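What follows is a set of notes on a single structure, which appears directly below.
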Amino acid sequence: MKKSKTPKKSKARNYVLIGIVLIIVIAIFSYAIYRPSNEIEISDFALTDLNGQTFKLSDFKGKVVILDFMATWCQPCLIETGNLIEIWNVYSDEVIIISIGADPSESEDQLREFKEGFPEATWIWAMDTENLAYDYKITTVPTLFLLDQDRKVVSKHEGIADNQILIDEIENLLAK
């Protein structure tokens, strides 16, 4: 009696099928974790700015909004703030910028001192007292969210955002 063996072609086909299934599973898992930024929901929130004024994200409906999650110790955040000043100088009438101190170990005084290093940065500055960085899965600073006039995420930029890309995105939103 002969021992039956699985033909080599069947084994190869099984390995290919297993590989395809693994690729599909990894793709689904990756999509669930790293879903596109336009599927991130930014719910309404209320914060108090460095001037003691409480504001809500919903106050800015109809405006393009940049949410800038940053930290005062972050060297790229210094560069990003300089880039945001360029945006602000051109679009301050049409775009709301909100810089949010995302490091819970930092104080409001540290954020105020950081802001004072940029006298042209006259937009809204606030501490993240609502754990927004956690809610929006911020894993690096700076992280910028660009929101359209209906508060939907148009883009998410981790690290220093390319200013020309940001300007192009803003221009597209303002042209609507």
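Labeling convention for the structure tokens: chains A, B, ... as they appear, residues from 1 per chain, ligands from 1 in order of appearance.
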Practice task
List every residue of chain A that DSSP, applied to the backbone of this structure, assigns to alpha helix (DSSP H), and report them as JSON, numbers by chain.
Solution key: {"A": [8, 9, 10, 11, 12, 13, 14, 15, 16, 17, 18, 19, 20, 21, 22, 23, 24, 25, 26, 27, 28, 29, 30, 31, 32, 33, 75, 76, 77, 78, 79, 80, 81, 82, 83, 84, 85, 86, 87, 88, 89, 90, 91, 108, 109, 110, 111, 112, 113, 114, 115, 116, 132, 133, 134, 135, 163, 164, 165, 166, 167, 168, 169, 170, 171, 172, 173, 174]}
Problem - Selection near Gly82 (chain A), 12 Å with only C-alpha atoms, sequence-local residues under 3 positions removed, as a ChimeraX atom specification - result: /A:75-79,85-89,115,117-121,160-161,163
Problem - Non-local contacts of region 170-174 of chain A (9 Å; only C-alpha atoms; under 5 positions in same chain excluded) as a list in words - result: Lys63, Val64, Tyr91, Glu94, Val95, Leu146, Asp148, Gln149, Val154 and Ile165 of chain A
Would you save the residues from that selection as a PDB file, in the first residue's frame, using C-alpha atoms?
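Saved result, selection28.pdb, follows:
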ATOM      1  CA  LYS A  63     -15.836  79.064   9.030  1.00  0.00           C
ATOM      2  CA  VAL A  64     -12.831  76.955   8.074  1.00  0.00           C
ATOM      3  CA  TYR A  91      -6.649  84.160   6.047  1.00  0.00           C
ATOM      4  CA  GLU A  94     -11.863  83.512   6.889  1.00  0.00           C
ATOM      5  CA  VAL A  95     -10.068  80.881   8.981  1.00  0.00           C
ATOM      6  CA  LEU A 146      -8.400  71.142   8.943  1.00  0.00           C
ATOM      7  CA  ASP A 148     -14.578  72.593   6.616  1.00  0.00           C
ATOM      8  CA  GLN A 149     -17.386  75.063   7.216  1.00  0.00           C
ATOM      9  CA  VAL A 154     -10.876  67.621   5.482  1.00  0.00           C
ATOM     10  CA  ILE A 165      -0.632  71.921   0.856  1.00  0.00           C
TER      11      ILE A 165
END
Exercise for the section: Fewer than 3 positions away in the same chain doesn't count, so skip those; otherwise give me all residues within 6 Å of Ile98 (chain A), counting only C-alpha atoms, as a list in words. Expected result: Leu67, Asp68, Ile124 and Trp125 of chain A
How would the residues just picked look written out with C-alpha atoms as a PDB file, in the first residue's frame?
ATOM      1  CA  LEU A  67      -7.173  72.692  15.208  1.00  0.00           C
ATOM      2  CA  ASP A  68      -3.491  72.741  16.155  1.00  0.00           C
ATOM      3  CA  ILE A 124      -7.244  81.283  19.989  1.00  0.00           C
ATOM      4  CA  TRP A 125      -4.949  79.467  22.432  1.00  0.00           C
TER       5      TRP A 125
END
Completion exercise
Across A:Trp123, A:Phe69, A:Phe60, A:Phe114, the smallest distance to His157 (chain A), with only C-alpha atoms counted, is shown by A:Phe69
Problem - Shortest interatomic distance to Lys56 (chain A) - which of A:Arg151, A:Lys176, A:Lys156, A:Arg112, counting only C-alpha atoms - result: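 Closest to Lys56 (chain A), using only C-alpha atoms: A:Arg151.
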Problem - Shell of 7 Å around Phe45 (chain A), only C-alpha atoms, local chain residues under 2 positions omitted, as number ranges by chain - result: A: 43, 47, 56-57
Handout entry: Given only C-alpha atoms as the counted atoms, nearest of A:Ala102, A:Ile66, A:Leu84, A:Leu50 to Thr139 (chain A)
Key = A:Ala102
Practice task
Per DSSP on the backbone, filter region 17-155 of chain A down to the residues in strand (DSSP E) and report them as a PyMOL selection string.
Solution key: chain A and resi 46-48+54-56+64-70+95-101+124-127+143-147+153-155
If you keep N, CA and C atoms, can you produce a file of those selected residues as a CSV table (one decimal), in the first residue's frame?
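In the end it all went to out.csv:
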chain,number,residue,atom,x,y,z
A,46,ALA,N,-16.1,72.4,24.3
A,46,ALA,CA,-15.9,73.7,24.9
A,46,ALA,C,-14.6,73.8,25.7
A,47,LEU,N,-13.9,74.9,25.4
A,47,LEU,CA,-12.6,75.1,26.2
A,47,LEU,C,-12.6,76.6,26.6
A,48,THR,N,-11.7,76.9,27.5
A,48,THR,CA,-11.5,78.3,27.9
A,48,THR,C,-10.1,78.7,27.4
A,54,THR,N,-14.7,81.4,27.4
A,54,THR,CA,-15.1,80.1,27.0
A,54,THR,C,-15.6,80.1,25.6
A,55,PHE,N,-15.2,79.1,24.8
A,55,PHE,CA,-15.7,79.0,23.4
A,55,PHE,C,-16.1,77.6,23.1
A,56,LYS,N,-16.9,77.4,22.1
A,56,LYS,CA,-17.3,76.1,21.6
A,56,LYS,C,-16.8,76.0,20.2
A,64,VAL,N,-13.9,78.0,8.1
A,64,VAL,CA,-12.8,77.0,8.1
A,64,VAL,C,-12.1,77.0,9.4
A,65,VAL,N,-11.8,75.9,10.0
A,65,VAL,CA,-11.1,75.8,11.3
A,65,VAL,C,-9.9,75.0,11.2
A,66,ILE,N,-8.8,75.5,11.8
A,66,ILE,CA,-7.6,74.6,12.0
A,66,ILE,C,-7.4,74.4,13.5
A,67,LEU,N,-7.5,73.1,13.8
A,67,LEU,CA,-7.2,72.7,15.2
A,67,LEU,C,-5.7,72.3,15.2
A,68,ASP,N,-4.9,73.0,16.1
A,68,ASP,CA,-3.5,72.7,16.2
A,68,ASP,C,-3.2,72.2,17.5
A,69,PHE,N,-2.9,70.8,17.6
A,69,PHE,CA,-2.6,70.2,18.8
A,69,PHE,C,-1.1,70.3,19.0
A,70,MET,N,-0.6,70.9,20.0
A,70,MET,CA,0.8,71.2,20.2
A,70,MET,C,1.3,71.1,21.6
A,95,VAL,N,-10.5,82.1,8.3
A,95,VAL,CA,-10.1,80.9,9.0
A,95,VAL,C,-9.9,81.1,10.5
A,96,ILE,N,-10.4,80.2,11.3
A,96,ILE,CA,-10.2,80.2,12.7
A,96,ILE,C,-9.1,79.2,13.0
A,97,ILE,N,-8.1,79.7,13.8
A,97,ILE,CA,-7.0,78.8,14.2
A,97,ILE,C,-7.2,78.7,15.7
A,98,ILE,N,-7.1,77.4,16.2
A,98,ILE,CA,-7.2,77.1,17.6
A,98,ILE,C,-6.0,76.3,18.0
A,99,SER,N,-5.0,76.8,18.7
A,99,SER,CA,-3.9,76.1,19.2
A,99,SER,C,-4.2,75.5,20.5
A,100,ILE,N,-4.1,74.2,20.7
A,100,ILE,CA,-4.5,73.5,21.9
A,100,ILE,C,-3.2,72.9,22.5
A,101,GLY,N,-2.9,73.3,23.7
A,101,GLY,CA,-1.8,72.7,24.5
A,101,GLY,C,-2.2,71.3,24.9
A,124,ILE,N,-6.8,81.9,18.7
A,124,ILE,CA,-7.2,81.3,20.0
A,124,ILE,C,-6.2,80.3,20.5
A,125,TRP,N,-5.9,80.4,21.8
A,125,TRP,CA,-4.9,79.5,22.4
A,125,TRP,C,-5.7,78.9,23.7
A,126,ALA,N,-5.6,77.6,23.9
A,126,ALA,CA,-6.3,77.0,25.0
A,126,ALA,C,-5.6,75.7,25.5
A,127,MET,N,-5.7,75.4,26.7
A,127,MET,CA,-5.3,74.1,27.2
A,127,MET,C,-6.3,73.0,26.9
A,143,THR,N,0.0,68.1,15.6
A,143,THR,CA,-1.0,67.5,14.7
A,143,THR,C,-2.1,68.6,14.4
A,144,LEU,N,-2.3,68.8,13.1
A,144,LEU,CA,-3.3,69.7,12.7
A,144,LEU,C,-4.5,69.0,12.1
A,145,PHE,N,-5.7,69.5,12.4
A,145,PHE,CA,-6.9,69.0,11.7
A,145,PHE,C,-7.4,70.3,11.0
A,146,LEU,N,-7.7,70.1,9.7
A,146,LEU,CA,-8.4,71.1,8.9
A,146,LEU,C,-9.9,70.7,8.8
A,147,LEU,N,-10.7,71.6,9.3
A,147,LEU,CA,-12.2,71.4,9.3
A,147,LEU,C,-12.9,72.3,8.3
A,153,VAL,N,-13.9,66.9,9.1
A,153,VAL,CA,-12.4,66.9,8.9
A,153,VAL,C,-12.1,66.7,7.4
A,154,VAL,N,-11.3,67.7,6.9
A,154,VAL,CA,-10.9,67.6,5.5
A,154,VAL,C,-9.5,66.9,5.4
A,155,SER,N,-8.7,67.2,6.4
A,155,SER,CA,-7.3,66.6,6.4
A,155,SER,C,-6.8,66.6,7.8
